[in-house]
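> For reference, the file protein_18.cif (mmCIF, C-alpha atoms) is included below:
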```cif
data_structure
#
loop_
_atom_site.label_atom_id
_atom_site.label_comp_id
_atom_site.auth_asym_id
_atom_site.auth_seq_id
_atom_site.Cartn_x
_atom_site.Cartn_y
_atom_site.Cartn_z
CA MET P 245 70.53 -163.80 29.70
CA SER P 246 69.49 -167.40 30.37
CA GLU P 247 66.67 -169.21 28.58
CA ASN P 248 64.52 -169.19 31.72
CA ASN P 249 65.00 -165.50 32.33
CA ILE P 250 64.03 -164.63 28.77
CA ASN P 251 60.86 -166.70 29.11
CA VAL P 252 59.99 -165.03 32.38
CA LEU P 253 60.32 -161.65 30.64
CA LEU P 254 57.37 -162.69 28.51
CA SER P 255 55.00 -161.81 31.34
CA GLY P 256 56.58 -158.41 31.84
CA TYR P 257 56.47 -157.85 28.09
CA ILE P 258 52.74 -158.35 27.66
CA ASP P 259 52.05 -156.29 30.78
CA GLY P 260 54.32 -153.42 29.70
CA GLU P 261 56.47 -153.82 32.82
CA LEU P 262 59.93 -154.27 31.27
CA THR P 263 62.77 -151.76 31.32
CA PRO P 264 63.84 -150.51 27.85
CA GLN P 265 66.91 -152.79 28.00
CA GLU P 266 64.86 -155.85 28.98
CA ARG P 267 62.37 -155.07 26.26
CA GLN P 268 65.15 -154.81 23.69
CA ASP P 269 66.67 -158.13 24.80
CA PHE P 270 63.29 -159.81 24.70
CA GLU P 271 62.36 -158.51 21.26
CA ASN P 272 65.73 -159.58 19.85
CA ARG P 273 65.13 -163.07 21.14
CA LEU P 274 61.52 -163.10 19.99
CA LYS P 275 62.51 -162.52 16.35
CA SER P 276 64.53 -165.70 16.24
CA ASP P 277 62.53 -167.97 18.55
CA PRO P 278 59.30 -169.46 17.09
CA GLU P 279 58.51 -171.23 20.38
CA LEU P 280 58.61 -167.95 22.23
CA GLN P 281 56.40 -166.37 19.56
CA LYS P 282 53.87 -169.16 20.06
CA GLU P 283 53.92 -168.69 23.81
CA LEU P 284 53.49 -164.94 23.43
CA GLU P 285 50.47 -165.55 21.26
CA LYS P 286 48.94 -167.84 23.88
CA PHE P 287 49.58 -165.41 26.70
CA ASN P 288 48.04 -162.59 24.70
CA LYS P 289 44.99 -164.73 23.99
CA LEU P 290 44.67 -165.57 27.67
CA LYS P 291 44.85 -161.89 28.54
CA GLU P 292 42.21 -161.16 25.93
CA ILE P 293 39.87 -163.82 27.33
CA THR P 294 40.18 -162.75 30.95
CA GLY P 295 40.09 -159.07 29.95
CA ALA P 296 36.60 -159.61 28.51
CA MET P 297 35.34 -161.02 31.80
CA LYS P 298 34.21 -159.51 35.01
CA TYR P 299 32.38 -160.61 38.13
CA ALA P 300 28.63 -160.42 38.09
CA ASP P 301 27.28 -157.48 40.05
CA ILE P 302 25.70 -158.28 43.38
CA PRO P 303 22.29 -156.60 43.83
CA ASP P 304 22.31 -153.39 45.90
CA SER P 305 19.82 -154.91 48.32
CA VAL P 306 22.48 -157.43 49.36
CA TRP P 307 25.02 -154.69 50.03
CA GLU P 308 22.47 -152.72 52.03
CA GLY P 309 22.21 -155.52 54.54
CA TYR P 310 25.95 -156.10 54.69
CA TRP P 311 26.82 -153.73 57.53
CA ALA P 312 23.89 -154.96 59.62
CA SER P 313 25.19 -158.49 59.24
CA VAL P 314 28.76 -157.54 60.21
CA TYR P 315 27.42 -155.60 63.20
CA LYS P 316 25.33 -158.55 64.35
CA ARG P 317 28.33 -160.83 64.15
CA MET P 318 30.47 -158.39 66.12
CA GLU P 319 27.82 -158.15 68.81
CA ARG P 320 27.52 -161.91 68.98
CA GLY P 321 31.29 -162.19 69.23
CA ILE P 322 31.26 -159.89 72.23
CA GLY P 323 28.36 -161.91 73.64
CA TRP P 324 30.34 -165.12 73.31
CA ILE P 325 33.38 -163.61 75.01
CA LEU P 326 31.25 -162.42 77.95
CA MET P 327 29.45 -165.75 78.19
CA SER P 328 32.75 -167.67 78.10
CA LEU P 329 34.18 -165.42 80.77
CA SER P 330 31.11 -165.95 82.88
CA ALA P 331 31.29 -169.74 82.41
CA VAL P 332 34.94 -169.81 83.47
CA LEU P 333 34.15 -167.75 86.58
CA PHE P 334 31.17 -169.94 87.46
CA LEU P 335 33.30 -173.04 87.05
CA ALA P 336 36.10 -171.66 89.19
CA VAL P 337 33.75 -170.54 91.95
CA GLY P 338 31.80 -173.82 91.68
CA CYS P 339 34.99 -175.87 92.07
CA TYR P 340 36.04 -173.78 95.05
CA TYR P 341 32.73 -174.30 96.88
CA LEU P 342 32.52 -177.93 95.86
CA PHE P 343 35.89 -178.50 97.44
CA LEU P 344 35.09 -176.42 100.51
CA ASP P 345 31.52 -177.54 101.20
CA PHE P 346 31.60 -181.07 99.85
CA PHE P 347 35.04 -182.65 99.98
CA LEU P 348 36.06 -180.94 103.22
CA ASN P 349 32.70 -181.53 104.89
CA PRO P 350 33.12 -184.26 107.57
CA GLU P 351 29.37 -184.96 107.59
CA ILE P 352 29.37 -186.33 104.03
CA SER P 353 30.24 -189.98 103.66
CA ILE P 354 33.65 -190.87 102.28
CA VAL P 355 32.06 -193.25 99.75
CA LEU P 356 30.01 -190.43 98.26
CA LYS P 357 33.11 -188.24 98.11
CA ILE P 358 35.04 -190.99 96.29
CA ALA P 359 32.15 -191.49 93.84
CA VAL P 360 31.86 -187.81 93.01
CA GLY P 361 35.67 -187.41 92.92
CA ALA P 362 36.07 -190.38 90.54
CA GLY P 363 33.30 -189.05 88.30
CA LEU P 364 34.95 -185.65 88.12
CA LEU P 365 38.38 -187.17 87.50
CA GLY P 366 36.92 -189.32 84.69
CA LEU P 367 35.39 -186.24 83.11
CA ILE P 368 38.73 -184.41 83.24
CA VAL P 369 40.59 -187.39 81.73
CA MET P 370 38.08 -187.62 78.87
CA LEU P 371 38.30 -183.88 78.25
CA VAL P 372 42.11 -183.94 78.15
CA SER P 373 42.04 -186.95 75.83
CA LEU P 374 39.63 -185.18 73.46
CA ILE P 375 41.75 -182.03 73.39
CA ARG P 376 44.91 -184.08 72.75
CA GLU P 377 43.22 -185.95 69.91
CA HIS P 378 42.15 -182.70 68.28
CA LEU P 379 45.62 -181.23 68.64
CA PHE P 380 47.15 -184.39 67.15
CA ALA P 381 44.78 -184.27 64.18
CA TYR P 382 45.49 -180.58 63.70
CA ASN P 383 49.26 -181.09 63.67
CA ARG P 384 49.04 -183.85 61.08
CA ASP P 385 46.62 -182.01 58.81
CA ARG P 386 48.51 -181.64 55.54
CA TYR P 387 46.16 -178.89 54.42
CA ARG P 388 47.01 -176.72 57.36
CA GLU P 389 48.67 -173.96 55.41
CA VAL P 390 51.29 -171.60 56.69
CA LYS P 391 49.98 -168.15 57.36
CA ARG P 392 51.60 -165.35 55.42
CA MET J 150 33.59 -151.60 73.33
CA ILE J 151 31.01 -151.39 70.60
CA PHE J 152 28.08 -150.81 72.97
CA PHE J 153 29.68 -147.67 74.31
CA ALA J 154 30.83 -146.33 70.98
CA VAL J 155 31.14 -142.60 70.62
CA TYR J 156 30.05 -141.20 67.28
CA LYS J 157 33.07 -139.29 66.07
CA THR J 158 33.58 -140.26 62.47
CA GLU J 159 31.54 -138.68 59.77
CA ASP J 160 34.23 -137.32 57.51
CA LYS J 161 34.53 -139.48 54.40
CA SER J 162 38.08 -138.26 53.79
CA THR J 163 39.35 -139.84 57.00
CA GLY J 164 42.27 -142.13 56.10
CA ASP J 165 42.01 -145.90 56.52
CA ALA J 166 44.70 -146.07 59.19
CA GLU J 167 43.00 -143.28 61.14
CA LEU J 168 39.72 -145.20 60.96
CA VAL J 169 41.42 -148.28 62.41
CA PHE J 170 42.67 -146.22 65.36
CA LEU J 171 39.16 -144.89 65.92
CA ILE J 172 37.84 -148.46 65.76
CA ALA J 173 40.40 -149.48 68.38
CA GLY J 174 38.81 -146.80 70.57
CA GLY J 175 35.33 -148.27 70.03
CA ASP J 176 34.06 -145.95 67.32
CA LYS J 177 31.19 -147.78 65.63
CA LYS J 178 30.77 -145.22 62.90
CA ALA J 179 34.43 -145.58 61.93
CA MET J 180 33.84 -149.31 61.61
CA LYS J 181 30.85 -148.74 59.37
CA THR J 182 32.82 -146.31 57.20
CA LEU J 183 35.61 -148.85 56.80
CA VAL J 184 33.16 -151.64 56.00
CA ASP J 185 31.39 -149.50 53.39
CA ARG J 186 34.72 -148.56 51.88
CA TYR J 187 36.10 -152.08 51.55
CA LYS J 188 33.16 -154.50 51.54
CA LYS J 189 33.08 -154.97 47.77
CA ARG J 190 36.83 -155.33 47.42
CA ALA J 191 36.90 -157.86 50.24
CA PHE J 192 33.99 -159.82 48.80
CA TYR J 193 35.27 -159.97 45.22
CA LEU J 194 38.77 -160.79 46.40
CA ALA J 195 37.44 -163.71 48.43
CA LEU J 196 35.13 -164.78 45.59
CA GLY J 197 38.10 -164.97 43.25
CA MET J 198 40.01 -167.09 45.73
CA VAL J 199 37.30 -169.50 46.88
CA GLY J 200 34.86 -169.43 43.94
CA ASN J 201 31.74 -169.53 46.08
CA LYS J 202 29.47 -166.57 46.78
CA ASP J 203 28.25 -167.58 50.23
CA GLU J 204 31.71 -168.42 51.48
CA ALA J 205 33.06 -165.20 49.99
CA PHE J 206 30.46 -163.19 51.93
CA ASP J 207 31.27 -165.07 55.08
CA ILE J 208 35.01 -164.56 54.65
CA SER J 209 34.71 -160.86 53.89
CA GLN J 210 32.52 -160.28 56.95
CA GLU J 211 34.79 -162.33 59.16
CA ALA J 212 37.74 -160.26 57.91
CA PHE J 213 36.05 -157.08 59.16
CA ILE J 214 35.39 -158.71 62.52
CA ARG J 215 39.09 -159.60 62.75
CA VAL J 216 39.91 -155.97 61.99
CA PHE J 217 37.57 -154.93 64.79
CA LYS J 218 39.10 -157.40 67.23
CA SER J 219 42.72 -156.62 66.42
CA ALA J 220 42.48 -152.91 65.62
CA ALA J 221 44.42 -152.09 68.77
CA ARG J 222 47.39 -154.03 67.41
CA PHE J 223 47.49 -152.13 64.11
CA GLU J 224 50.78 -150.24 63.98
CA ARG J 225 50.95 -146.55 63.24
CA GLY J 226 52.69 -145.74 59.97
CA HIS J 227 51.49 -148.92 58.24
CA GLU J 228 49.02 -149.00 55.38
CA PHE J 229 45.64 -150.54 56.05
CA PHE J 230 44.99 -152.43 52.83
CA PRO J 231 48.01 -154.78 52.79
CA TRP J 232 47.13 -155.73 56.38
CA PHE J 233 43.49 -156.27 55.52
CA TYR J 234 44.45 -158.15 52.36
CA SER J 235 46.51 -160.65 54.34
CA ILE J 236 43.58 -161.18 56.74
CA VAL J 237 41.25 -161.95 53.81
CA VAL J 238 43.78 -164.21 52.11
CA ASN J 239 44.43 -166.18 55.30
CA LEU J 240 40.71 -166.67 55.79
CA CYS J 241 40.44 -167.88 52.19
CA LYS J 242 43.24 -170.37 52.82
CA ASP J 243 41.51 -171.62 55.94
CA CYS J 244 38.27 -171.97 54.03
CA LEU J 245 39.90 -173.98 51.23
CA ALA J 246 41.79 -176.11 53.73
CA ARG J 247 38.47 -177.01 55.34
CA ARG J 248 37.24 -178.32 52.01
CA LYS J 249 40.14 -180.75 52.28
CA ASN J 250 40.47 -182.06 48.78
CA LYS J 251 40.51 -180.98 45.18
CA GLU J 252 37.28 -182.76 44.34
CA ALA J 253 35.43 -180.92 47.07
CA ARG J 254 36.98 -177.67 45.91
CA GLU J 255 35.62 -178.19 42.43
CA MET J 256 32.22 -179.28 43.72
CA ASN J 257 31.95 -176.06 45.66
CA LEU J 258 32.01 -173.89 42.58
CA ASP J 259 29.13 -171.53 42.86
CA ASP J 260 26.27 -170.88 40.50
CA ALA J 261 27.62 -169.25 37.33
CA ALA J 262 25.42 -166.19 37.85
CA TYR J 263 27.78 -164.93 40.53
CA LEU J 264 31.04 -166.00 38.98
CA LEU J 265 32.99 -164.68 36.07
CA VAL J 266 30.75 -163.56 33.28
CA ALA J 267 31.83 -162.36 29.92
CA ASP J 268 30.47 -159.14 28.48
CA SER J 269 28.13 -160.95 26.17
CA ASN J 270 25.54 -160.32 23.53
CA PRO J 271 22.60 -162.73 23.41
CA GLU J 272 23.79 -164.69 20.33
CA ASP J 273 26.89 -166.13 21.89
CA ALA J 274 25.82 -166.02 25.51
CA VAL J 275 25.83 -169.80 25.82
CA ILE J 276 29.35 -170.13 24.44
CA LYS J 277 30.58 -167.37 26.69
CA GLU J 278 28.92 -168.87 29.72
CA GLU J 279 30.73 -172.12 29.01
CA LEU J 280 33.99 -170.22 28.62
CA SER J 281 33.38 -168.42 31.92
CA ARG J 282 32.76 -171.69 33.66
CA ASP J 283 35.90 -173.24 32.19
CA VAL J 284 38.01 -170.25 33.16
CA GLN J 285 36.67 -170.33 36.70
CA GLN J 286 37.22 -174.08 36.87
CA ALA J 287 40.78 -173.72 35.57
CA LEU J 288 41.48 -170.99 38.12
CA MET J 289 40.22 -173.14 40.95
CA GLU J 290 42.50 -175.97 39.85
CA LEU J 291 45.57 -173.79 40.23
CA ASP J 292 47.57 -173.67 43.45
CA PHE J 293 46.46 -170.92 45.78
CA GLU J 294 49.55 -168.77 45.10
CA ASP J 295 49.14 -169.09 41.33
CA ARG J 296 45.46 -168.23 41.50
CA GLU J 297 46.18 -165.30 43.77
CA ILE J 298 48.67 -163.69 41.40
CA ILE J 299 46.47 -164.30 38.36
CA MET J 300 43.55 -162.68 40.18
CA LEU J 301 45.58 -159.65 41.15
CA LYS J 302 46.89 -159.09 37.63
CA HIS J 303 44.08 -160.24 35.36
CA PHE J 304 41.01 -159.33 37.39
CA LYS J 305 42.19 -156.50 39.63
CA ASP J 306 44.56 -155.11 37.02
CA LEU J 307 47.21 -154.15 39.56
CA SER J 308 50.68 -153.11 38.46
CA TYR J 309 53.70 -155.25 39.34
CA ASP J 310 54.72 -152.67 41.95
CA GLU J 311 51.29 -152.86 43.59
CA ILE J 312 51.31 -156.65 43.58
CA ALA J 313 54.85 -156.69 44.99
CA ALA J 314 53.80 -154.37 47.82
CA LEU J 315 50.71 -156.44 48.58
CA LEU J 316 52.45 -159.81 48.58
CA LYS J 317 55.67 -158.45 50.10
CA ILE J 318 57.82 -159.96 47.35
CA PRO J 319 60.28 -158.36 44.88
CA LYS J 320 58.99 -157.12 41.52
CA GLY J 321 61.10 -159.72 39.70
CA THR J 322 59.39 -162.46 41.68
CA VAL J 323 56.00 -161.08 40.65
CA MET J 324 57.06 -161.37 37.00
CA SER J 325 58.32 -164.90 37.38
CA ARG J 326 55.38 -166.13 39.49
CA LEU J 327 53.00 -164.61 36.98
CA TYR J 328 54.83 -166.29 34.12
CA TYR J 329 54.58 -169.77 35.63
CA ALA J 330 50.99 -169.24 36.78
CA ARG J 331 49.98 -168.12 33.28
CA LYS J 332 51.76 -171.10 31.77
CA LYS J 333 49.69 -173.44 33.96
CA LEU J 334 46.48 -171.60 33.16
CA VAL J 335 47.19 -171.65 29.42
CA LYS J 336 47.71 -175.41 29.67
CA ARG J 337 44.34 -175.83 31.38
CA LEU J 338 42.59 -173.63 28.84
CA ALA J 339 44.32 -175.17 25.82
CA ARG J 340 41.08 -175.42 23.84
CA TYR J 341 40.63 -171.64 23.96
CA VAL J 342 44.16 -170.31 23.54
#
```
Could you spell out this file's structure in structure tokens?

Amino acid sequence: MSENNINVLLSGYIDGELTPQERQDFENRLKSDPELQKELEKFNKLKEITGAMKYADIPDSVWEGYWASVYKRMERGIGWILMSLSAVLFLAVGCYYLFLDFFLNPEISIVLKIAVGAGLLGLIVMLVSLIREHLFAYNRDRYREVKR
Amino acid sequence: MIFFAVYKTEDKSTGDAELVFLIAGGDKKAMKTLVDRYKKRAFYLALGMVGNKDEAFDISQEAFIRVFKSAARFERGHEFFPWFYSIVVNLCKDCLARRKNKEAREMNLDDAAYLLVADSNPEDAVIKEELSRDVQQALMELDFEDREIIMLKHFKDLSYDEIAALLKIPKGTVMSRLYYARKKLVKRLARYV
């Protein structure tokens, strides 16, 4: 067994996760390797330190309000979805009527149509530019970690 | 939808996967049962990963909302906890990524009262509090994957088989990842070990 493999067995040894054969191999090596003995000692000490620790208990009153908080967030999530849906519909219908009643209306001056059209086009260009910038920043974010 | 939920779930012995299917059908009580069953595990898991109480609460609650939103996609025959675990862990990663840099990560360490505390008697409480702080600090300096495996072994006391199932890696990889993670932690806690 290679040096690296023997060292890796150290973790399994202190956690009681080795097979009888692995354990035998490890103990044979341990007898003749002072460095490994030192490392074993350190790992055992680490286990002892962390074994004596635990997370502080959170008061019951906090847990009592937990479900209410999750529920509120779920409700708000549904609210946001409905509101977004509504906004998209309003926008679509608005655009349709704007086109029908404003741009196709022969009574409205062409200058006014150009002014409103240019304003809207400018708004769309700015929006697209903003979205592109955000996407660019997102793609270059070195902390964007891969999902498991 | 949650507004039209039908109250079907009262039985505490209902399995997790069954609860998720009830949630997919809009059962609010099933959602509450699942939240009550896993809220502490989700919170402490997140706390171990991000080291901040408020963020850990936020992450754990968001994880339940994700379960609610994607319950319909949960596949029959799968176990709930590994699925839920990966939701929590991904949220923790997102949270840490938002902090952007190591300095910010360390600055965000929470008040010691909610972090690791040693079982202490009054005489050496101060020393142990310092040790707790140093351990938490050392954990937060580790890479996410190293911290994750240390948390699962040292603070959740899971077996290698359980960790392997949760992380979807072979048992041998658990042993080797744990070895290298411990090595790094020992180096950071050199004054204690």
> How would you write, as a ChimeraX atom specification, the residues chosen by the PyMOL selection byres ((chain P) within 8 of (chain J)) on this structure?
/P:251-256,261,286-287,289-291,294-302,311,313-314,317-319,387-389,391-392
> Give the centre and edge lengths of an axis-aligned box, in Å to one decimal, that holds all listed atoms of region 318-322 of chain P with 4 Å on each side, as JSON.

```
{"center_x": 29.4, "center_y": -160.2, "center_z": 69.2, "size_x": 11.8, "size_y": 12.0, "size_z": 14.1}
```
> In Å, rounded to a single decimal, give me how far CA of Glu377 (chain P) is from CA of Cys241 (chain J).
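Spanning CA of Cys241 (chain J) to CA of Glu377 (chain P) is a straight-line distance of 25.5 Å.
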> Hey, can you check how far CA of Asp292 (chain J) sits from CA of Leu280 (chain P)?
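Going from CA of Asp292 (chain J) over to CA of Leu280 (chain P) covers 24.6 Å.
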> If we draw a sphere of 12 Å around (44.1, -141.8, 52.3), which residues have at least one atom in it when counting only C-alpha atoms? Please report them as a list of chain:residue names.
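Those residues lying close to the given coordinates are J:Lys161, J:Ser162, J:Thr163, J:Gly164, J:Asp165, J:Ala166, J:Glu167, J:Leu168, J:Leu183, J:Arg186, J:His227, J:Glu228, J:Phe229, J:Phe230.
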> Any idea what the distance is between CA of Arg340 (chain J) and CA of Ile250 (chain P)?
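If I compute the distance from CA of Arg340 (chain J) to CA of Ile250 (chain P), I get 25.8 Å.
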> Residues within 10 Å of region 356-360 of chain P, please, as a ChimeraX atom specification. Count only C-alpha atoms; anything in the same chain fewer than 6 positions from it doesn't count.
/P:346-349,366
> Hey, could you patch up region 339-373 of chain P with N, CA and C atoms and hand it over as a PDB file, keeping the file's coordinate frame?

```
ATOM      1  N   CYS P 339      33.960-174.918  91.607  1.00  0.00           N
ATOM      2  CA  CYS P 339      34.990-175.870  92.070  1.00  0.00           C
ATOM      3  C   CYS P 339      35.433-175.521  93.492  1.00  0.00           C
ATOM      4  N   TYR P 340      35.585-174.238  93.734  1.00  0.00           N
ATOM      5  CA  TYR P 340      36.040-173.780  95.050  1.00  0.00           C
ATOM      6  C   TYR P 340      35.035-174.211  96.134  1.00  0.00           C
ATOM      7  N   TYR P 341      33.755-173.950  95.868  1.00  0.00           N
ATOM      8  CA  TYR P 341      32.730-174.300  96.880  1.00  0.00           C
ATOM      9  C   TYR P 341      32.498-175.800  96.975  1.00  0.00           C
ATOM     10  N   LEU P 342      32.657-176.468  95.838  1.00  0.00           N
ATOM     11  CA  LEU P 342      32.520-177.930  95.860  1.00  0.00           C
ATOM     12  C   LEU P 342      33.595-178.526  96.780  1.00  0.00           C
ATOM     13  N   PHE P 343      34.788-178.026  96.622  1.00  0.00           N
ATOM     14  CA  PHE P 343      35.890-178.500  97.440  1.00  0.00           C
ATOM     15  C   PHE P 343      35.660-178.164  98.912  1.00  0.00           C
ATOM     16  N   LEU P 344      35.253-176.913  99.140  1.00  0.00           N
ATOM     17  CA  LEU P 344      35.090-176.420 100.510  1.00  0.00           C
ATOM     18  C   LEU P 344      33.906-177.091 101.224  1.00  0.00           C
ATOM     19  N   ASP P 345      32.748-177.082 100.543  1.00  0.00           N
ATOM     20  CA  ASP P 345      31.520-177.540 101.200  1.00  0.00           C
ATOM     21  C   ASP P 345      31.253-179.039 101.051  1.00  0.00           C
ATOM     22  N   PHE P 346      31.884-179.657 100.076  1.00  0.00           N
ATOM     23  CA  PHE P 346      31.600-181.070  99.850  1.00  0.00           C
ATOM     24  C   PHE P 346      32.766-181.957 100.303  1.00  0.00           C
ATOM     25  N   PHE P 347      33.915-181.746  99.680  1.00  0.00           N
ATOM     26  CA  PHE P 347      35.040-182.650  99.980  1.00  0.00           C
ATOM     27  C   PHE P 347      35.602-182.429 101.390  1.00  0.00           C
ATOM     28  N   LEU P 348      35.517-181.202 101.886  1.00  0.00           N
ATOM     29  CA  LEU P 348      36.060-180.940 103.220  1.00  0.00           C
ATOM     30  C   LEU P 348      34.994-181.040 104.326  1.00  0.00           C
ATOM     31  N   ASN P 349      33.791-181.424 103.915  1.00  0.00           N
ATOM     32  CA  ASN P 349      32.700-181.530 104.890  1.00  0.00           C
ATOM     33  C   ASN P 349      32.741-182.916 105.565  1.00  0.00           C
ATOM     34  N   PRO P 350      32.995-182.962 106.876  1.00  0.00           N
ATOM     35  CA  PRO P 350      33.120-184.260 107.570  1.00  0.00           C
ATOM     36  C   PRO P 350      31.796-185.019 107.676  1.00  0.00           C
ATOM     37  N   GLU P 351      30.679-184.294 107.467  1.00  0.00           N
ATOM     38  CA  GLU P 351      29.370-184.960 107.590  1.00  0.00           C
ATOM     39  C   GLU P 351      29.025-185.813 106.364  1.00  0.00           C
ATOM     40  N   ILE P 352      29.673-185.560 105.251  1.00  0.00           N
ATOM     41  CA  ILE P 352      29.370-186.330 104.030  1.00  0.00           C
ATOM     42  C   ILE P 352      30.209-187.600 104.005  1.00  0.00           C
ATOM     43  N   SER P 353      29.544-188.684 103.602  1.00  0.00           N
ATOM     44  CA  SER P 353      30.240-189.980 103.660  1.00  0.00           C
ATOM     45  C   SER P 353      31.414-190.033 102.688  1.00  0.00           C
ATOM     46  N   ILE P 354      32.423-190.748 103.081  1.00  0.00           N
ATOM     47  CA  ILE P 354      33.650-190.870 102.280  1.00  0.00           C
ATOM     48  C   ILE P 354      33.380-191.566 100.949  1.00  0.00           C
ATOM     49  N   VAL P 355      32.402-192.516 100.986  1.00  0.00           N
ATOM     50  CA  VAL P 355      32.060-193.250  99.750  1.00  0.00           C
ATOM     51  C   VAL P 355      31.487-192.296  98.713  1.00  0.00           C
ATOM     52  N   LEU P 356      30.611-191.415  99.164  1.00  0.00           N
ATOM     53  CA  LEU P 356      30.010-190.430  98.260  1.00  0.00           C
ATOM     54  C   LEU P 356      31.082-189.495  97.694  1.00  0.00           C
ATOM     55  N   LYS P 357      32.018-189.119  98.558  1.00  0.00           N
ATOM     56  CA  LYS P 357      33.110-188.240  98.110  1.00  0.00           C
ATOM     57  C   LYS P 357      33.955-188.926  97.042  1.00  0.00           C
ATOM     58  N   ILE P 358      34.228-190.230  97.279  1.00  0.00           N
ATOM     59  CA  ILE P 358      35.040-190.990  96.290  1.00  0.00           C
ATOM     60  C   ILE P 358      34.272-191.093  94.971  1.00  0.00           C
ATOM     61  N   ALA P 359      32.968-191.344  95.065  1.00  0.00           N
ATOM     62  CA  ALA P 359      32.150-191.490  93.840  1.00  0.00           C
ATOM     63  C   ALA P 359      32.149-190.194  93.037  1.00  0.00           C
ATOM     64  N   VAL P 360      31.906-189.095  93.717  1.00  0.00           N
ATOM     65  CA  VAL P 360      31.860-187.810  93.010  1.00  0.00           C
ATOM     66  C   VAL P 360      33.262-187.469  92.485  1.00  0.00           C
ATOM     67  N   GLY P 361      34.284-187.695  93.325  1.00  0.00           N
ATOM     68  CA  GLY P 361      35.670-187.410  92.920  1.00  0.00           C
ATOM     69  C   GLY P 361      36.071-188.212  91.701  1.00  0.00           C
ATOM     70  N   ALA P 362      35.712-189.524  91.682  1.00  0.00           N
ATOM     71  CA  ALA P 362      36.070-190.380  90.540  1.00  0.00           C
ATOM     72  C   ALA P 362      35.350-189.921  89.282  1.00  0.00           C
ATOM     73  N   GLY P 363      34.074-189.547  89.442  1.00  0.00           N
ATOM     74  CA  GLY P 363      33.300-189.050  88.300  1.00  0.00           C
ATOM     75  C   GLY P 363      33.941-187.803  87.698  1.00  0.00           C
ATOM     76  N   LEU P 364      34.331-186.899  88.583  1.00  0.00           N
ATOM     77  CA  LEU P 364      34.950-185.650  88.120  1.00  0.00           C
ATOM     78  C   LEU P 364      36.290-185.932  87.444  1.00  0.00           C
ATOM     79  N   LEU P 365      37.071-186.823  88.057  1.00  0.00           N
ATOM     80  CA  LEU P 365      38.380-187.170  87.500  1.00  0.00           C
ATOM     81  C   LEU P 365      38.224-187.802  86.104  1.00  0.00           C
ATOM     82  N   GLY P 366      37.213-188.684  85.981  1.00  0.00           N
ATOM     83  CA  GLY P 366      36.920-189.320  84.690  1.00  0.00           C
ATOM     84  C   GLY P 366      36.590-188.284  83.630  1.00  0.00           C
ATOM     85  N   LEU P 367      35.795-187.317  84.027  1.00  0.00           N
ATOM     86  CA  LEU P 367      35.390-186.240  83.110  1.00  0.00           C
ATOM     87  C   LEU P 367      36.616-185.454  82.638  1.00  0.00           C
ATOM     88  N   ILE P 368      37.509-185.160  83.581  1.00  0.00           N
ATOM     89  CA  ILE P 368      38.730-184.410  83.240  1.00  0.00           C
ATOM     90  C   ILE P 368      39.610-185.218  82.296  1.00  0.00           C
ATOM     91  N   VAL P 369      39.758-186.522  82.584  1.00  0.00           N
ATOM     92  CA  VAL P 369      40.590-187.390  81.730  1.00  0.00           C
ATOM     93  C   VAL P 369      40.027-187.424  80.307  1.00  0.00           C
ATOM     94  N   MET P 370      38.706-187.568  80.202  1.00  0.00           N
ATOM     95  CA  MET P 370      38.080-187.620  78.870  1.00  0.00           C
ATOM     96  C   MET P 370      38.273-186.301  78.124  1.00  0.00           C
ATOM     97  N   LEU P 371      38.146-185.215  78.843  1.00  0.00           N
ATOM     98  CA  LEU P 371      38.300-183.880  78.250  1.00  0.00           C
ATOM     99  C   LEU P 371      39.723-183.684  77.719  1.00  0.00           C
ATOM    100  N   VAL P 372      40.702-184.078  78.556  1.00  0.00           N
ATOM    101  CA  VAL P 372      42.110-183.940  78.150  1.00  0.00           C
ATOM    102  C   VAL P 372      42.390-184.814  76.933  1.00  0.00           C
ATOM    103  N   SER P 373      41.837-186.033  76.948  1.00  0.00           N
ATOM    104  CA  SER P 373      42.040-186.950  75.830  1.00  0.00           C
ATOM    105  C   SER P 373      41.468-186.368  74.533  1.00  0.00           C
TER     106      SER P 373
END
```
